[in-house]
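To be precise, the following lines are input-v1.tsv, and they hold TSV, C-alpha atoms.
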chain	number	residue	atom	x	y	z
R	124	MET	CA	93.84	-6.26	-50.09
R	125	SER	CA	91.51	-8.77	-51.70
R	126	LEU	CA	88.45	-10.32	-50.28
R	127	THR	CA	87.97	-14.10	-50.76
R	128	THR	CA	84.44	-15.41	-50.58
R	129	GLN	CA	83.99	-19.07	-49.62
R	130	THR	CA	80.78	-20.76	-50.58
R	131	THR	CA	79.59	-23.82	-48.68
R	132	VAL	CA	77.51	-26.20	-50.78
R	133	ASN	CA	75.07	-28.62	-49.17
R	134	PRO	CA	75.67	-32.27	-50.31
R	135	ALA	CA	71.92	-32.79	-50.62
R	136	ALA	CA	71.72	-29.81	-52.94
R	137	GLU	CA	74.49	-31.25	-55.08
R	138	LEU	CA	72.49	-34.49	-55.39
R	139	LEU	CA	69.38	-32.59	-56.37
R	140	LEU	CA	71.30	-30.58	-58.97
R	141	ALA	CA	72.89	-33.75	-60.37
R	142	ASP	CA	69.52	-35.54	-60.57
R	143	PRO	CA	66.63	-33.14	-61.21
R	144	ALA	CA	64.21	-36.07	-61.29
R	145	ALA	CA	64.73	-36.47	-57.57
R	146	ILE	CA	62.96	-33.11	-56.98
R	147	GLY	CA	59.41	-33.80	-55.89
R	148	GLY	CA	60.29	-37.12	-54.29
R	149	ARG	CA	60.12	-39.12	-57.50
R	150	ARG	CA	63.32	-41.02	-56.63
R	151	ARG	CA	64.10	-42.62	-53.29
R	152	PHE	CA	67.58	-42.61	-51.88
R	153	GLY	CA	69.25	-45.99	-51.40
R	154	ARG	CA	66.81	-47.95	-53.62
R	155	ARG	CA	68.36	-50.20	-56.21
R	156	ARG	CA	66.74	-51.67	-59.24
R	157	THR	CA	66.53	-55.43	-59.38
R	158	PRO	CA	68.82	-56.63	-62.16
R	159	ARG	CA	67.14	-58.59	-64.88
R	160	PRO	CA	68.45	-62.07	-65.63
R	161	PRO	CA	70.42	-62.39	-68.83
R	162	ALA	CA	68.57	-63.45	-71.95
R	163	THR	CA	70.63	-66.64	-72.14
R	164	LYS	CA	69.38	-67.78	-68.73
R	165	ILE	CA	65.77	-67.08	-69.71
R	166	ARG	CA	66.15	-69.10	-72.89
R	167	SER	CA	67.83	-71.98	-71.05
R	168	SER	CA	65.05	-72.12	-68.43
R	169	VAL	CA	62.37	-72.14	-71.12
R	170	ALA	CA	64.23	-74.87	-73.00
R	171	GLY	CA	64.50	-76.90	-69.78
R	172	ARG	CA	60.76	-76.68	-69.20
R	173	VAL	CA	60.02	-77.72	-72.76
R	174	VAL	CA	62.33	-80.73	-72.48
R	175	LYS	CA	60.75	-81.70	-69.15
R	176	TRP	CA	57.22	-81.61	-70.53
R	177	VAL	CA	58.25	-83.48	-73.67
R	178	VAL	CA	59.81	-86.28	-71.58
R	179	LEU	CA	56.81	-86.45	-69.23
R	180	SER	CA	54.40	-86.54	-72.17
R	181	ALA	CA	56.37	-89.33	-73.83
R	182	VAL	CA	56.38	-91.39	-70.63
R	183	ALA	CA	52.64	-90.79	-70.14
R	184	ILE	CA	51.91	-91.92	-73.69
R	185	VAL	CA	53.98	-95.09	-73.26
R	186	MET	CA	52.07	-95.94	-70.07
R	187	LEU	CA	48.56	-94.87	-71.10
R	188	VAL	CA	48.37	-96.31	-74.62
R	189	PRO	CA	48.42	-100.00	-73.48
R	190	PHE	CA	45.87	-99.19	-70.80
R	191	TYR	CA	43.66	-97.43	-73.36
R	192	ILE	CA	43.88	-100.40	-75.74
R	193	MET	CA	42.94	-102.83	-72.97
R	194	VAL	CA	39.91	-100.77	-71.88
R	195	ILE	CA	38.39	-100.26	-75.32
R	196	SER	CA	39.17	-103.86	-76.35
R	197	ALA	CA	37.04	-105.15	-73.49
R	198	PHE	CA	33.94	-103.83	-75.29
R	199	LYS	CA	34.69	-104.89	-78.89
R	200	PRO	CA	34.42	-108.15	-80.85
R	201	GLN	CA	37.60	-109.94	-81.81
R	202	GLU	CA	37.58	-108.84	-85.45
R	203	GLU	CA	37.46	-105.18	-84.45
R	204	ILE	CA	40.24	-105.71	-81.91
R	205	ILE	CA	42.51	-107.08	-84.64
R	206	ARG	CA	41.57	-104.63	-87.42
R	207	HIS	CA	41.17	-101.41	-85.41
R	208	PRO	CA	43.03	-101.77	-82.11
R	209	LEU	CA	43.12	-98.02	-81.37
R	210	SER	CA	39.53	-97.05	-82.16
R	211	ILE	CA	36.03	-97.96	-81.11
R	212	SER	CA	32.69	-97.03	-82.61
R	213	PRO	CA	29.15	-97.05	-81.17
R	214	ASP	CA	28.20	-99.78	-83.64
R	215	THR	CA	30.75	-102.24	-82.24
R	216	PHE	CA	30.50	-101.23	-78.56
R	217	THR	CA	28.94	-103.99	-76.46
R	218	LEU	CA	28.82	-105.10	-72.83
R	219	GLU	CA	28.28	-108.73	-73.77
R	220	TYR	CA	31.88	-109.85	-73.34
R	221	LEU	CA	32.30	-108.06	-70.02
R	222	LEU	CA	29.15	-109.71	-68.66
R	223	ASP	CA	30.37	-113.09	-69.92
R	224	ALA	CA	33.65	-112.57	-68.05
R	225	ILE	CA	31.77	-111.76	-64.84
R	226	THR	CA	29.62	-114.90	-65.08
R	227	SER	CA	32.36	-117.18	-66.44
R	228	GLU	CA	32.67	-120.64	-64.92
R	229	LYS	CA	36.45	-120.63	-65.36
R	230	PHE	CA	36.98	-117.42	-63.40
R	231	ASN	CA	34.66	-116.62	-60.50
R	232	VAL	CA	35.46	-112.91	-60.28
R	233	ILE	CA	33.34	-112.32	-57.16
R	234	GLY	CA	35.00	-115.16	-55.29
R	235	ALA	CA	38.46	-114.02	-56.42
R	236	TYR	CA	37.71	-110.50	-55.21
R	237	GLY	CA	36.70	-111.82	-51.79
R	238	ILE	CA	39.75	-114.06	-51.39
R	239	THR	CA	42.18	-111.36	-52.52
R	240	LEU	CA	40.60	-108.75	-50.24
R	241	LEU	CA	40.93	-111.21	-47.35
R	242	PHE	CA	44.63	-111.64	-48.14
R	243	VAL	CA	45.12	-107.88	-48.40
R	244	ALA	CA	43.44	-107.23	-45.04
R	245	LEU	CA	45.33	-109.96	-43.18
R	246	VAL	CA	48.72	-108.99	-44.62
R	247	ASN	CA	48.19	-105.33	-43.69
R	248	VAL	CA	47.10	-106.17	-40.14
R	249	PHE	CA	50.00	-108.54	-39.45
R	250	CYS	CA	52.55	-106.33	-41.19
R	251	ILE	CA	51.60	-103.15	-39.32
R	252	THR	CA	51.31	-104.96	-35.98
R	253	LEU	CA	54.82	-106.39	-36.32
R	254	SER	CA	56.53	-103.45	-38.04
R	255	ALA	CA	55.31	-100.56	-35.89
R	256	PRO	CA	56.95	-101.64	-32.56
R	257	VAL	CA	60.19	-102.61	-34.34
R	258	ALA	CA	60.36	-99.26	-36.11
R	259	TYR	CA	59.64	-97.48	-32.81
R	260	VAL	CA	62.57	-99.19	-31.10
R	261	ILE	CA	64.87	-98.39	-34.04
R	262	ALA	CA	63.77	-94.74	-34.26
R	263	ARG	CA	64.14	-94.11	-30.52
R	264	GLY	CA	67.43	-95.98	-30.24
R	265	ARG	CA	70.71	-94.07	-30.17
R	266	SER	CA	73.30	-96.84	-30.47
R	267	LYS	CA	74.92	-98.34	-33.54
R	268	TRP	CA	73.03	-101.58	-32.94
R	269	HIS	CA	69.75	-99.86	-33.75
R	270	LEU	CA	71.23	-98.56	-37.00
R	271	GLY	CA	72.51	-102.03	-37.80
R	272	LEU	CA	69.05	-103.47	-37.14
R	273	LEU	CA	67.54	-100.95	-39.55
R	274	LEU	CA	70.12	-101.80	-42.22
R	275	LEU	CA	69.37	-105.49	-41.72
R	276	PHE	CA	65.70	-104.98	-42.47
R	277	VAL	CA	66.34	-102.53	-45.31
R	278	SER	CA	68.68	-105.03	-46.97
R	279	GLY	CA	65.61	-107.11	-47.70
R	280	LEU	CA	64.61	-104.48	-50.27
R	281	PHE	CA	67.57	-105.44	-52.46
R	282	ILE	CA	66.68	-109.15	-52.63
R	283	PRO	CA	64.19	-109.97	-55.43
R	284	GLY	CA	61.19	-111.87	-54.20
R	285	GLN	CA	61.52	-114.46	-56.95
R	286	VAL	CA	64.94	-115.46	-55.60
R	287	THR	CA	63.48	-116.43	-52.23
R	288	LEU	CA	60.55	-118.45	-53.56
R	289	ILE	CA	62.38	-121.77	-53.85
R	290	PRO	CA	63.78	-121.67	-50.27
R	291	VAL	CA	60.38	-120.50	-49.04
R	292	VAL	CA	58.67	-123.47	-50.68
R	293	PHE	CA	61.05	-125.90	-48.93
R	294	VAL	CA	60.52	-124.21	-45.55
R	295	LEU	CA	56.75	-124.11	-45.91
R	296	ARG	CA	56.73	-127.74	-46.98
R	297	LEU	CA	58.66	-128.71	-43.85
R	298	LEU	CA	56.18	-126.75	-41.74
R	299	GLY	CA	53.19	-128.27	-43.55
R	300	LEU	CA	52.02	-124.85	-44.72
R	301	ILE	CA	52.44	-125.24	-48.49
R	302	ASN	CA	49.21	-124.86	-50.50
R	303	THR	CA	47.55	-123.24	-47.48
R	304	ILE	CA	46.31	-119.75	-46.70
R	305	PRO	CA	48.44	-119.37	-43.51
R	306	GLY	CA	51.59	-120.20	-45.50
R	307	PHE	CA	50.80	-117.61	-48.12
R	308	ILE	CA	49.93	-114.96	-45.51
R	309	LEU	CA	53.19	-115.69	-43.68
R	310	PHE	CA	55.23	-115.22	-46.86
R	311	GLU	CA	53.48	-112.02	-47.97
R	312	THR	CA	53.80	-110.51	-44.49
R	313	ALA	CA	57.53	-111.22	-44.41
R	314	ALA	CA	57.92	-109.74	-47.90
R	315	THR	CA	56.28	-106.45	-46.86
R	316	LEU	CA	58.25	-105.98	-43.62
R	317	PRO	CA	61.39	-104.25	-45.03
R	318	VAL	CA	59.72	-101.31	-46.76
R	319	THR	CA	57.18	-100.94	-43.95
R	320	ILE	CA	59.84	-100.77	-41.21
R	321	PHE	CA	61.87	-98.33	-43.29
R	322	LEU	CA	58.93	-95.94	-43.75
R	323	PHE	CA	57.78	-96.24	-40.13
R	324	ALA	CA	61.27	-95.59	-38.74
R	325	ALA	CA	61.76	-92.55	-40.96
R	326	TYR	CA	58.43	-91.11	-39.86
R	327	LEU	CA	58.92	-91.83	-36.14
R	328	ARG	CA	62.17	-89.85	-36.14
R	329	THR	CA	60.09	-86.75	-36.86
R	330	VAL	CA	57.85	-87.36	-33.83
R	331	PRO	CA	59.12	-85.41	-30.77
R	332	ARG	CA	60.42	-87.42	-27.83
R	333	ASP	CA	58.47	-85.11	-25.50
R	334	ILE	CA	55.39	-87.25	-26.16
R	335	ASP	CA	57.15	-90.34	-24.78
R	336	GLU	CA	58.32	-88.40	-21.73
R	337	ALA	CA	54.85	-87.02	-21.07
R	338	ALA	CA	53.34	-90.50	-21.32
R	339	SER	CA	55.95	-91.91	-18.92
R	340	LEU	CA	55.23	-89.12	-16.42
R	341	ASP	CA	51.56	-90.15	-16.53
R	342	GLY	CA	52.59	-93.69	-15.57
R	343	ALA	CA	52.32	-95.36	-18.98
R	344	GLY	CA	54.87	-97.97	-19.97
R	345	ARG	CA	56.67	-97.95	-23.30
R	346	ILE	CA	54.23	-100.36	-24.93
R	347	ARG	CA	51.15	-98.48	-23.79
R	348	ALA	CA	52.76	-95.12	-24.62
R	349	PHE	CA	53.44	-96.30	-28.14
R	350	TRP	CA	50.03	-97.73	-28.95
R	351	SER	CA	48.08	-95.01	-27.13
R	352	CYS	CA	50.09	-91.87	-27.93
R	353	ILE	CA	52.53	-92.50	-30.76
R	354	PHE	CA	50.67	-94.86	-33.08
R	355	PRO	CA	47.63	-92.55	-33.57
R	356	ILE	CA	50.05	-89.87	-34.85
R	357	MET	CA	51.33	-92.29	-37.51
R	358	ARG	CA	48.12	-92.23	-39.54
R	359	PRO	CA	49.68	-90.61	-42.67
R	360	VAL	CA	52.47	-93.17	-42.99
R	361	VAL	CA	50.14	-96.03	-42.05
R	362	ALA	CA	47.86	-95.01	-44.91
R	363	THR	CA	50.88	-94.98	-47.23
R	364	VAL	CA	51.90	-98.47	-46.14
R	365	VAL	CA	48.35	-99.79	-46.53
R	366	VAL	CA	48.14	-98.49	-50.10
R	367	LEU	CA	51.54	-99.87	-51.13
R	368	ASN	CA	51.02	-103.26	-49.51
R	369	SER	CA	47.46	-103.60	-50.81
R	370	ILE	CA	48.44	-102.94	-54.42
R	371	GLY	CA	51.45	-105.25	-54.09
R	372	VAL	CA	49.38	-108.16	-52.74
R	373	TRP	CA	46.56	-107.55	-55.22
R	374	ASN	CA	48.87	-107.58	-58.26
R	375	ASP	CA	51.10	-110.45	-57.09
R	376	PHE	CA	50.95	-113.44	-59.41
R	377	VAL	CA	54.08	-115.54	-58.88
R	378	SER	CA	53.74	-116.00	-55.12
R	379	PRO	CA	50.12	-117.26	-55.00
R	380	GLN	CA	50.67	-119.34	-58.13
R	381	ILE	CA	53.59	-121.21	-56.53
R	382	ILE	CA	52.74	-121.19	-52.82
R	383	LEU	CA	49.01	-121.82	-53.13
R	384	GLY	CA	49.15	-123.71	-56.41
R	385	PRO	CA	46.27	-124.79	-58.65
R	386	SER	CA	45.77	-127.94	-56.58
R	387	SER	CA	44.60	-125.91	-53.57
R	388	GLY	CA	41.59	-124.57	-55.48
R	389	ILE	CA	42.25	-121.09	-54.04
R	390	TYR	CA	42.50	-118.41	-56.72
R	391	THR	CA	43.40	-114.78	-56.29
R	392	VAL	CA	42.52	-112.20	-58.93
R	393	THR	CA	45.75	-112.68	-60.88
R	394	THR	CA	45.83	-116.48	-60.72
R	395	GLY	CA	42.13	-116.57	-61.59
R	396	VAL	CA	42.83	-114.51	-64.70
R	397	TYR	CA	45.56	-116.96	-65.69
R	398	ALA	CA	43.21	-119.90	-65.18
R	399	ALA	CA	40.43	-118.23	-67.16
R	400	VAL	CA	42.54	-117.05	-70.08
R	401	GLY	CA	44.58	-120.23	-70.47
R	402	GLU	CA	48.16	-120.71	-71.55
R	403	PHE	CA	47.52	-120.84	-75.29
R	404	SER	CA	44.33	-118.80	-75.50
R	405	THR	CA	43.91	-116.26	-78.30
R	406	ASP	CA	40.31	-115.32	-77.61
R	407	TYR	CA	40.71	-111.59	-77.02
R	408	THR	CA	37.04	-111.24	-76.08
R	409	THR	CA	37.92	-113.25	-72.97
R	410	VAL	CA	41.40	-111.89	-72.31
R	411	PHE	CA	40.70	-108.14	-72.26
R	412	PRO	CA	37.44	-108.14	-70.22
R	413	THR	CA	39.02	-110.46	-67.65
R	414	LEU	CA	42.11	-108.26	-67.35
R	415	LEU	CA	39.93	-105.17	-66.97
R	416	LEU	CA	38.00	-106.80	-64.15
R	417	ALA	CA	41.26	-107.75	-62.46
R	418	ILE	CA	42.91	-104.32	-62.43
R	419	ALA	CA	39.87	-102.03	-62.14
R	420	PRO	CA	39.59	-102.20	-58.30
R	421	ALA	CA	43.32	-101.60	-57.86
R	422	ILE	CA	43.23	-98.55	-60.14
R	423	VAL	CA	40.22	-97.04	-58.37
R	424	PHE	CA	41.78	-97.69	-54.97
R	425	PHE	CA	45.06	-96.07	-56.05
R	426	ILE	CA	43.33	-92.98	-57.47
R	427	ILE	CA	41.38	-92.47	-54.25
R	428	MET	CA	44.36	-93.05	-51.94
R	429	GLN	CA	47.23	-91.56	-53.97
R	430	ARG	CA	47.36	-88.37	-51.89
R	431	HIS	CA	48.11	-90.49	-48.81
R	432	ILE	CA	51.15	-91.98	-50.55
R	433	ILE	CA	52.72	-88.58	-51.17
R	434	GLY	CA	51.79	-87.30	-47.71
R	435	GLY	CA	53.26	-90.30	-45.91
R	436	LEU	CA	56.48	-90.32	-47.90
R	437	VAL	CA	57.09	-86.58	-47.52
R	438	ALA	CA	56.26	-86.61	-43.82
R	439	GLY	CA	59.22	-88.85	-43.06
R	440	ALA	CA	61.69	-86.97	-45.23
R	441	THR	CA	62.16	-83.87	-43.11
R	442	LYS	CA	64.38	-85.30	-40.41
R	443	GLY	CA	66.78	-88.12	-39.79
Whole structure, structure tokens version:
Amino acid sequence: MSLTTQTTVNPAAELLLADPAAIGGRRRFGRRRTPRPPATKIRSSVAGRVVKWVVLSAVAIVMLVPFYIMVISAFKPQEEIIRHPLSISPDTFTLEYLLDAITSEKFNVIGAYGITLLFVALVNVFCITLSAPVAYVIARGRSKWHLGLLLLFVSGLFIPGQVTLIPVVFVLRLLGLINTIPGFILFETAATLPVTIFLFAAYLRTVPRDIDEAASLDGAGRIRAFWSCIFPIMRPVVATVVVLNSIGVWNDFVSPQIILGPSSGIYTVTTGVYAAVGEFSTDYTTVFPTLLLAIAPAIVFFIIMQRHIIGGLVAGATKG
């Protein structure tokens, strides 16, 4: 008769015997190491970043070099502009030509600033006043007609403004508004409506409808509810529209040159530069200072307000 001894082994003991490092709690059960990405993926990501920065640097150089040449050329005599276009020295630096451009009889820069700022303010006021209610109706509408109305306005973005100038001239001439400030304001306002309605409608779709319902419960009509409750919330996208429209009106040359015309005696910044420089002028000491005076306010305004552009565009991209 033989005796058989059975030994029962604890599974936890087997794990400890198989992995002595686990004794003392140096290894936790169930914890997995995060796998490292393959070396090929790391190299491809680094190469992608290098390519991205190279492309961005090339684009920045292409855009900044002409601006740099214009700025330094506004403070140099013509011989230095021709011989050394990319450099400037303290010996040749002078403010004489910039002061001459400010006090020039051909281009009254102060008067042009005032007229252009007036146009910018009026276009923004009329554009926002007309676009905001239309965008509100489109954003709150649920039928296909509201979508069709939005597409009708957005289709104006695909029509170049230069194509519509000739018909606009005929219409304004019939109305007696050619070579007048109201005619120019009417055209610029109509030209800014498509992009403004598109941005407003996209932003208003992110605004909860509960605000409209709360205003109606308080006895406010749709018009009062919009201007009192909804429109104050639209400040980010309104700032975006103001920046885009202001820069567009400030830099516009073809529209004021054709609609206002030299015979009206009304010069914006761009048409004043054209009148001051002349068609066949080669005097760079007049060209570059005048151009610098024309674009300097727009650049400063854009730098100050650029964060509002990004904020307004991103705010309307989260819904709808």
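Using only C-alpha atoms for every distance, the candidate list R:Ser210, R:Ser180, R:Thr413, R:Ser254 yields R:Ser254 as the residue closest to Phe354 of chain R.
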Inset, instruction - Between atom CA of Ser227 of chain R and atom CA of Phe411 of chain R, measure the distance and give it in Å to one decimal. - result: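 Here the two named atoms are 13.6 Å from each other.
The closest residue to Ile334 of chain R, picked from R:His207, R:Arg430, R:Arg263, R:Arg296 and counting only C-alpha atoms, is R:Arg263.
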Inset, instruction - Mind giving me the straight-line distance from atom CA of Arg347 of chain R to atom CA of Tyr259 of chain R in Å, one decimal? - result: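 Computing it gives 12.4 Å between the two atoms.
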Legend entry - Length of the atom CA of Met357 of chain R to atom CA of Thr315 of chain R vector [Å]: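 About the pair atom CA of Met357 of chain R and atom CA of Thr315 of chain R: they are 17.7 Å apart.
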